[in-house]
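Data first, discussion second: the structure below is written as structure tokens.
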Amino acid sequence: MKKATILLLAMSMLLSLTGCGSKPDGEEQQGSESAYESALDVLKAVVDTYDQEELFSMYGGNQENAVMDAPGTFDISKTEELETTLGLPRDQASQIEDAASMVHMMNANTFTGAAYRLKEGADVSAFADAVKANILDTQWLCGQPDTLLILQVDSKYIITAYGNAEIIELYKNKAVSALKGAKVLMEASIA
């Protein structure tokens, strides 16, 4: 009888302890795990949804490590190139820990897209606002892009894209349907 009581008490304590570390439903932490290993995986997931006739000639990555006809990893230590190629303000480079890009081969103003993995604790709204301000303030040389798009993908990634309105609209629809937790943060006309 004594052993049965001790066993019953031990089991009830064990069951009560299993709930100690868990959070109630809906209380996910901002730093929760992502479904994506890298910024490149984010862009590849979008590109993989395109039909062959929807794809455009592109290159990815930074100048030293460019890849053809695919998104590529962008060296985040190249802060000047991040700004001139992707529109990321230099002061925001400290907020990211990984980046990837895909740029229209004929004209970057037709389509330029990037994915950034933000560092833990980075302010998503401030990051998106800084990118928006930088791109909208750009002096365009070879034609002006029509639309700026900024998406959030789970709690880790931000996607930025600017270019031709029709290409951006298709990209937005592909990204939102292909990426887990993707939502539009802002969409603006570039005037």
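Ordering of the structure tokens sets the chain letters (A, B, ...); residue numbers start at 1 within each chain; ligands are numbered from 1 in the order shown.
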
Subject >> Non-local contacts of A:Gln144 (8 Å; only C-alpha atoms; under 4 positions in same chain excluded) as a list in words >> reply: Asn109, Trp140, Gly163 and Ile190 of chain A

Residues just named, written with all heavy atoms as a PDB file, in the first residue's frame:
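Produced file selection_30.pdb, reproduced below:
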ATOM      1  N   ASN A 109      16.392  47.398 -62.600  1.00  0.00           N
ATOM      2  CA  ASN A 109      15.169  48.141 -62.288  1.00  0.00           C
ATOM      3  C   ASN A 109      13.920  47.398 -62.738  1.00  0.00           C
ATOM      4  O   ASN A 109      12.813  47.733 -62.321  1.00  0.00           O
ATOM      5  CB  ASN A 109      15.209  49.530 -62.905  1.00  0.00           C
ATOM      6  CG  ASN A 109      16.315  50.370 -62.307  1.00  0.00           C
ATOM      7  OD1 ASN A 109      16.860  50.046 -61.260  1.00  0.00           O
ATOM      8  ND2 ASN A 109      16.674  51.446 -62.979  1.00  0.00           N
ATOM      9  N   TRP A 140      17.359  56.995 -60.024  1.00  0.00           N
ATOM     10  CA  TRP A 140      17.468  55.887 -60.961  1.00  0.00           C
ATOM     11  C   TRP A 140      18.111  56.359 -62.261  1.00  0.00           C
ATOM     12  O   TRP A 140      17.783  57.415 -62.781  1.00  0.00           O
ATOM     13  CB  TRP A 140      16.080  55.291 -61.224  1.00  0.00           C
ATOM     14  CG  TRP A 140      15.406  54.906 -59.952  1.00  0.00           C
ATOM     15  CD1 TRP A 140      14.467  55.615 -59.283  1.00  0.00           C
ATOM     16  CD2 TRP A 140      15.668  53.746 -59.159  1.00  0.00           C
ATOM     17  NE1 TRP A 140      14.111  54.965 -58.124  1.00  0.00           N
ATOM     18  CE2 TRP A 140      14.832  53.814 -58.016  1.00  0.00           C
ATOM     19  CE3 TRP A 140      16.525  52.665 -59.298  1.00  0.00           C
ATOM     20  CZ2 TRP A 140      14.833  52.829 -57.032  1.00  0.00           C
ATOM     21  CZ3 TRP A 140      16.514  51.686 -58.310  1.00  0.00           C
ATOM     22  CH2 TRP A 140      15.686  51.773 -57.199  1.00  0.00           C
ATOM     23  N   GLY A 163      10.663  46.761 -58.803  1.00  0.00           N
ATOM     24  CA  GLY A 163      10.743  46.578 -60.243  1.00  0.00           C
ATOM     25  C   GLY A 163       9.432  46.850 -60.940  1.00  0.00           C
ATOM     26  O   GLY A 163       8.571  47.573 -60.436  1.00  0.00           O
ATOM     27  N   ILE A 190       6.766  53.564 -56.639  1.00  0.00           N
ATOM     28  CA  ILE A 190       8.008  54.328 -56.664  1.00  0.00           C
ATOM     29  C   ILE A 190       7.817  55.474 -57.644  1.00  0.00           C
ATOM     30  O   ILE A 190       7.650  55.250 -58.838  1.00  0.00           O
ATOM     31  CB  ILE A 190       9.209  53.450 -57.066  1.00  0.00           C
ATOM     32  CG1 ILE A 190       9.383  52.309 -56.062  1.00  0.00           C
ATOM     33  CG2 ILE A 190      10.471  54.288 -57.172  1.00  0.00           C
ATOM     34  CD1 ILE A 190      10.446  51.307 -56.415  1.00  0.00           C
TER      35      ILE A 190
END

Subject >> Within 12 Å of A:Ala126 using only C-alpha atoms, minus same-chain residues under 3 positions, as a PyMOL selection string >> reply: chain A and resi 89+91-92+95+118+121-123+129-133+158+185

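Those residues that approach A:Met106 to within 10 Å, counting only C-alpha atoms, are A:Phe56, A:Ser57, A:Met58, A:Tyr59, A:Val103, A:Asn109, A:Thr110, A:Phe111; same-chain residues fewer than 3 positions away are not listed.
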
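Of note, atom CA of A:Ser177 and atom CA of A:Ala45 are spaced 10.2 Å apart.
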
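As for atom CA of A:Ser94 and atom CA of A:Pro71, they are spaced 22.2 Å apart.
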
DSSP-assigned strand (DSSP E or B) among chain A, expressed as a PDB file with N, CA, C and O atoms, in the first residue's frame:
ATOM      1  N   MET A  58      18.105  35.766 -64.818  1.00  0.00           N
ATOM      2  CA  MET A  58      18.522  36.408 -63.575  1.00  0.00           C
ATOM      3  C   MET A  58      19.917  35.982 -63.192  1.00  0.00           C
ATOM      4  O   MET A  58      20.458  35.006 -63.711  1.00  0.00           O
ATOM      5  N   TYR A  59      20.480  36.740 -62.300  1.00  0.00           N
ATOM      6  CA  TYR A  59      21.700  36.322 -61.618  1.00  0.00           C
ATOM      7  C   TYR A  59      21.463  36.538 -60.132  1.00  0.00           C
ATOM      8  O   TYR A  59      20.594  37.319 -59.733  1.00  0.00           O
ATOM      9  N   GLY A  60      22.217  35.838 -59.318  1.00  0.00           N
ATOM     10  CA  GLY A  60      22.071  35.973 -57.877  1.00  0.00           C
ATOM     11  C   GLY A  60      23.415  36.127 -57.206  1.00  0.00           C
ATOM     12  O   GLY A  60      24.453  35.766 -57.762  1.00  0.00           O
ATOM     13  N   VAL A  67      25.978  33.896 -59.438  1.00  0.00           N
ATOM     14  CA  VAL A  67      25.540  32.662 -60.100  1.00  0.00           C
ATOM     15  C   VAL A  67      24.507  33.053 -61.149  1.00  0.00           C
ATOM     16  O   VAL A  67      23.784  34.024 -60.986  1.00  0.00           O
ATOM     17  N   MET A  68      24.468  32.322 -62.232  1.00  0.00           N
ATOM     18  CA  MET A  68      23.549  32.636 -63.318  1.00  0.00           C
ATOM     19  C   MET A  68      22.279  31.808 -63.224  1.00  0.00           C
ATOM     20  O   MET A  68      22.313  30.643 -62.821  1.00  0.00           O
ATOM     21  N   GLY A  72      21.291  33.706 -55.485  1.00  0.00           N
ATOM     22  CA  GLY A  72      22.602  33.384 -54.929  1.00  0.00           C
ATOM     23  C   GLY A  72      22.829  34.063 -53.593  1.00  0.00           C
ATOM     24  O   GLY A  72      22.205  35.082 -53.281  1.00  0.00           O
ATOM     25  N   THR A  73      23.740  33.525 -52.822  1.00  0.00           N
ATOM     26  CA  THR A  73      24.100  34.080 -51.526  1.00  0.00           C
ATOM     27  C   THR A  73      24.858  35.386 -51.721  1.00  0.00           C
ATOM     28  O   THR A  73      25.715  35.488 -52.595  1.00  0.00           O
ATOM     29  N   ILE A  96      21.566  42.345 -40.059  1.00  0.00           N
ATOM     30  CA  ILE A  96      21.372  41.069 -40.756  1.00  0.00           C
ATOM     31  C   ILE A  96      22.522  40.117 -40.500  1.00  0.00           C
ATOM     32  O   ILE A  96      23.636  40.535 -40.209  1.00  0.00           O
ATOM     33  N   GLU A  97      22.219  38.823 -40.634  1.00  0.00           N
ATOM     34  CA  GLU A  97      23.257  37.808 -40.487  1.00  0.00           C
ATOM     35  C   GLU A  97      23.380  36.909 -41.715  1.00  0.00           C
ATOM     36  O   GLU A  97      24.247  36.047 -41.758  1.00  0.00           O
ATOM     37  N   ASP A  98      22.535  37.156 -42.719  1.00  0.00           N
ATOM     38  CA  ASP A  98      22.587  36.369 -43.953  1.00  0.00           C
ATOM     39  C   ASP A  98      21.774  37.114 -45.000  1.00  0.00           C
ATOM     40  O   ASP A  98      20.804  37.807 -44.666  1.00  0.00           O
ATOM     41  N   ALA A  99      22.173  36.957 -46.274  1.00  0.00           N
ATOM     42  CA  ALA A  99      21.430  37.608 -47.352  1.00  0.00           C
ATOM     43  C   ALA A  99      21.571  36.791 -48.629  1.00  0.00           C
ATOM     44  O   ALA A  99      22.547  36.053 -48.822  1.00  0.00           O
ATOM     45  N   ALA A 100      20.574  36.940 -49.497  1.00  0.00           N
ATOM     46  CA  ALA A 100      20.603  36.328 -50.830  1.00  0.00           C
ATOM     47  C   ALA A 100      19.882  37.280 -51.773  1.00  0.00           C
ATOM     48  O   ALA A 100      19.081  38.119 -51.331  1.00  0.00           O
ATOM     49  N   SER A 101      20.177  37.145 -53.062  1.00  0.00           N
ATOM     50  CA  SER A 101      19.549  38.052 -54.019  1.00  0.00           C
ATOM     51  C   SER A 101      19.216  37.337 -55.319  1.00  0.00           C
ATOM     52  O   SER A 101      19.739  36.268 -55.618  1.00  0.00           O
ATOM     53  N   MET A 102      18.338  37.987 -56.077  1.00  0.00           N
ATOM     54  CA  MET A 102      18.028  37.588 -57.452  1.00  0.00           C
ATOM     55  C   MET A 102      17.700  38.874 -58.201  1.00  0.00           C
ATOM     56  O   MET A 102      16.887  39.669 -57.759  1.00  0.00           O
ATOM     57  N   VAL A 103      18.420  39.096 -59.312  1.00  0.00           N
ATOM     58  CA  VAL A 103      18.327  40.349 -60.046  1.00  0.00           C
ATOM     59  C   VAL A 103      18.103  40.041 -61.520  1.00  0.00           C
ATOM     60  O   VAL A 103      18.754  39.146 -62.084  1.00  0.00           O
ATOM     61  N   HIS A 104      17.201  40.793 -62.150  1.00  0.00           N
ATOM     62  CA  HIS A 104      16.923  40.626 -63.577  1.00  0.00           C
ATOM     63  C   HIS A 104      18.216  40.852 -64.357  1.00  0.00           C
ATOM     64  O   HIS A 104      18.918  41.847 -64.141  1.00  0.00           O
ATOM     65  N   PHE A 111      13.611  44.070 -62.119  1.00  0.00           N
ATOM     66  CA  PHE A 111      13.371  43.278 -60.916  1.00  0.00           C
ATOM     67  C   PHE A 111      14.663  43.120 -60.133  1.00  0.00           C
ATOM     68  O   PHE A 111      15.689  42.694 -60.674  1.00  0.00           O
ATOM     69  N   THR A 112      14.611  43.474 -58.871  1.00  0.00           N
ATOM     70  CA  THR A 112      15.676  43.182 -57.914  1.00  0.00           C
ATOM     71  C   THR A 112      15.001  42.687 -56.651  1.00  0.00           C
ATOM     72  O   THR A 112      14.139  43.368 -56.093  1.00  0.00           O
ATOM     73  N   GLY A 113      15.386  41.501 -56.218  1.00  0.00           N
ATOM     74  CA  GLY A 113      14.824  40.923 -55.002  1.00  0.00           C
ATOM     75  C   GLY A 113      15.914  40.462 -54.061  1.00  0.00           C
ATOM     76  O   GLY A 113      16.989  40.052 -54.505  1.00  0.00           O
ATOM     77  N   ALA A 114      15.645  40.545 -52.769  1.00  0.00           N
ATOM     78  CA  ALA A 114      16.605  40.104 -51.761  1.00  0.00           C
ATOM     79  C   ALA A 114      15.857  39.488 -50.591  1.00  0.00           C
ATOM     80  O   ALA A 114      14.712  39.838 -50.315  1.00  0.00           O
ATOM     81  N   ALA A 115      16.528  38.579 -49.927  1.00  0.00           N
ATOM     82  CA  ALA A 115      16.029  38.018 -48.671  1.00  0.00           C
ATOM     83  C   ALA A 115      17.115  38.232 -47.629  1.00  0.00           C
ATOM     84  O   ALA A 115      18.306  38.050 -47.917  1.00  0.00           O
ATOM     85  N   TYR A 116      16.700  38.643 -46.445  1.00  0.00           N
ATOM     86  CA  TYR A 116      17.628  38.899 -45.344  1.00  0.00           C
ATOM     87  C   TYR A 116      17.176  38.137 -44.113  1.00  0.00           C
ATOM     88  O   TYR A 116      16.000  38.168 -43.768  1.00  0.00           O
ATOM     89  N   ARG A 117      18.129  37.458 -43.456  1.00  0.00           N
ATOM     90  CA  ARG A 117      17.827  36.883 -42.140  1.00  0.00           C
ATOM     91  C   ARG A 117      18.261  37.920 -41.118  1.00  0.00           C
ATOM     92  O   ARG A 117      19.430  38.302 -41.058  1.00  0.00           O
ATOM     93  N   LEU A 118      17.305  38.378 -40.333  1.00  0.00           N
ATOM     94  CA  LEU A 118      17.589  39.398 -39.333  1.00  0.00           C
ATOM     95  C   LEU A 118      18.236  38.785 -38.094  1.00  0.00           C
ATOM     96  O   LEU A 118      17.963  37.640 -37.737  1.00  0.00           O
ATOM     97  N   THR A 147       7.303  49.573 -58.584  1.00  0.00           N
ATOM     98  CA  THR A 147       6.735  49.142 -57.302  1.00  0.00           C
ATOM     99  C   THR A 147       7.817  48.620 -56.365  1.00  0.00           C
ATOM    100  O   THR A 147       8.754  47.950 -56.790  1.00  0.00           O
ATOM    101  N   LEU A 148       7.637  48.915 -55.085  1.00  0.00           N
ATOM    102  CA  LEU A 148       8.466  48.371 -54.011  1.00  0.00           C
ATOM    103  C   LEU A 148       7.599  47.442 -53.178  1.00  0.00           C
ATOM    104  O   LEU A 148       6.457  47.775 -52.855  1.00  0.00           O
ATOM    105  N   LEU A 149       8.141  46.281 -52.835  1.00  0.00           N
ATOM    106  CA  LEU A 149       7.434  45.284 -52.035  1.00  0.00           C
ATOM    107  C   LEU A 149       8.340  44.847 -50.889  1.00  0.00           C
ATOM    108  O   LEU A 149       9.520  44.567 -51.105  1.00  0.00           O
ATOM    109  N   ILE A 150       7.793  44.791 -49.682  1.00  0.00           N
ATOM    110  CA  ILE A 150       8.533  44.262 -48.532  1.00  0.00           C
ATOM    111  C   ILE A 150       7.636  43.247 -47.826  1.00  0.00           C
ATOM    112  O   ILE A 150       6.493  43.545 -47.476  1.00  0.00           O
ATOM    113  N   LEU A 151       8.163  42.033 -47.667  1.00  0.00           N
ATOM    114  CA  LEU A 151       7.449  40.931 -47.025  1.00  0.00           C
ATOM    115  C   LEU A 151       8.196  40.482 -45.780  1.00  0.00           C
ATOM    116  O   LEU A 151       9.419  40.566 -45.719  1.00  0.00           O
ATOM    117  N   GLN A 152       7.458  39.973 -44.824  1.00  0.00           N
ATOM    118  CA  GLN A 152       8.052  39.309 -43.669  1.00  0.00           C
ATOM    119  C   GLN A 152       7.744  37.825 -43.797  1.00  0.00           C
ATOM    120  O   GLN A 152       6.613  37.444 -44.114  1.00  0.00           O
ATOM    121  N   VAL A 153       8.757  37.003 -43.564  1.00  0.00           N
ATOM    122  CA  VAL A 153       8.593  35.550 -43.602  1.00  0.00           C
ATOM    123  C   VAL A 153       8.971  35.036 -42.221  1.00  0.00           C
ATOM    124  O   VAL A 153      10.118  35.162 -41.807  1.00  0.00           O
ATOM    125  N   TYR A 157      13.002  36.326 -41.361  1.00  0.00           N
ATOM    126  CA  TYR A 157      13.372  36.805 -42.694  1.00  0.00           C
ATOM    127  C   TYR A 157      12.506  37.961 -43.177  1.00  0.00           C
ATOM    128  O   TYR A 157      11.308  37.999 -42.934  1.00  0.00           O
ATOM    129  N   ILE A 158      13.171  38.878 -43.905  1.00  0.00           N
ATOM    130  CA  ILE A 158      12.514  39.963 -44.619  1.00  0.00           C
ATOM    131  C   ILE A 158      12.898  39.817 -46.088  1.00  0.00           C
ATOM    132  O   ILE A 158      14.069  39.583 -46.411  1.00  0.00           O
ATOM    133  N   ILE A 159      11.915  39.964 -46.953  1.00  0.00           N
ATOM    134  CA  ILE A 159      12.153  39.969 -48.400  1.00  0.00           C
ATOM    135  C   ILE A 159      11.857  41.369 -48.904  1.00  0.00           C
ATOM    136  O   ILE A 159      10.840  41.967 -48.535  1.00  0.00           O
ATOM    137  N   THR A 160      12.753  41.893 -49.731  1.00  0.00           N
ATOM    138  CA  THR A 160      12.501  43.159 -50.407  1.00  0.00           C
ATOM    139  C   THR A 160      12.559  42.909 -51.907  1.00  0.00           C
ATOM    140  O   THR A 160      13.322  42.059 -52.372  1.00  0.00           O
ATOM    141  N   ALA A 161      11.751  43.634 -52.655  1.00  0.00           N
ATOM    142  CA  ALA A 161      11.783  43.523 -54.114  1.00  0.00           C
ATOM    143  C   ALA A 161      11.278  44.832 -54.702  1.00  0.00           C
ATOM    144  O   ALA A 161      10.379  45.459 -54.146  1.00  0.00           O
ATOM    145  N   TYR A 162      11.890  45.225 -55.803  1.00  0.00           N
ATOM    146  CA  TYR A 162      11.386  46.380 -56.529  1.00  0.00           C
ATOM    147  C   TYR A 162      11.540  46.110 -58.016  1.00  0.00           C
ATOM    148  O   TYR A 162      12.383  45.325 -58.430  1.00  0.00           O
ATOM    149  N   GLY A 163      10.663  46.761 -58.803  1.00  0.00           N
ATOM    150  CA  GLY A 163      10.743  46.578 -60.243  1.00  0.00           C
ATOM    151  C   GLY A 163       9.432  46.850 -60.940  1.00  0.00           C
ATOM    152  O   GLY A 163       8.571  47.573 -60.436  1.00  0.00           O
ATOM    153  N   ALA A 182       4.488  33.959 -44.539  1.00  0.00           N
ATOM    154  CA  ALA A 182       4.778  35.176 -45.307  1.00  0.00           C
ATOM    155  C   ALA A 182       3.597  36.128 -45.285  1.00  0.00           C
ATOM    156  O   ALA A 182       2.452  35.716 -45.431  1.00  0.00           O
ATOM    157  N   LYS A 183       3.915  37.404 -45.088  1.00  0.00           N
ATOM    158  CA  LYS A 183       2.874  38.437 -45.133  1.00  0.00           C
ATOM    159  C   LYS A 183       3.477  39.721 -45.688  1.00  0.00           C
ATOM    160  O   LYS A 183       4.662  39.995 -45.507  1.00  0.00           O
ATOM    161  N   VAL A 184       2.650  40.495 -46.352  1.00  0.00           N
ATOM    162  CA  VAL A 184       3.086  41.763 -46.927  1.00  0.00           C
ATOM    163  C   VAL A 184       3.175  42.795 -45.817  1.00  0.00           C
ATOM    164  O   VAL A 184       2.206  43.028 -45.089  1.00  0.00           O
ATOM    165  N   LEU A 185       4.352  43.403 -45.678  1.00  0.00           N
ATOM    166  CA  LEU A 185       4.528  44.503 -44.715  1.00  0.00           C
ATOM    167  C   LEU A 185       4.207  45.835 -45.377  1.00  0.00           C
ATOM    168  O   LEU A 185       3.600  46.696 -44.754  1.00  0.00           O
ATOM    169  N   MET A 186       4.665  45.995 -46.617  1.00  0.00           N
ATOM    170  CA  MET A 186       4.351  47.223 -47.339  1.00  0.00           C
ATOM    171  C   MET A 186       4.521  47.019 -48.830  1.00  0.00           C
ATOM    172  O   MET A 186       5.308  46.203 -49.279  1.00  0.00           O
ATOM    173  N   GLU A 187       3.725  47.767 -49.563  1.00  0.00           N
ATOM    174  CA  GLU A 187       3.788  47.791 -51.007  1.00  0.00           C
ATOM    175  C   GLU A 187       3.587  49.246 -51.393  1.00  0.00           C
ATOM    176  O   GLU A 187       2.626  49.870 -50.954  1.00  0.00           O
ATOM    177  N   ALA A 188       4.532  49.805 -52.163  1.00  0.00           N
ATOM    178  CA  ALA A 188       4.467  51.231 -52.471  1.00  0.00           C
ATOM    179  C   ALA A 188       4.846  51.471 -53.917  1.00  0.00           C
ATOM    180  O   ALA A 188       5.688  50.776 -54.478  1.00  0.00           O
ATOM    181  N   SER A 189       4.220  52.490 -54.478  1.00  0.00           N
ATOM    182  CA  SER A 189       4.575  52.947 -55.811  1.00  0.00           C
ATOM    183  C   SER A 189       5.862  53.765 -55.705  1.00  0.00           C
ATOM    184  O   SER A 189       6.038  54.539 -54.759  1.00  0.00           O
TER     185      SER A 189
END

Original post:
Please, what distance in Å, to one decimal, runs between atom CA of A:Pro145 and atom CA of A:Asn164?
Top reply: 5.6 Å

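Distances from A:Val176, A:Ala191, A:Asp75, A:Ser125 to A:Gly143 were compared using only C-alpha atoms, and the smallest one belongs to A:Ala191.
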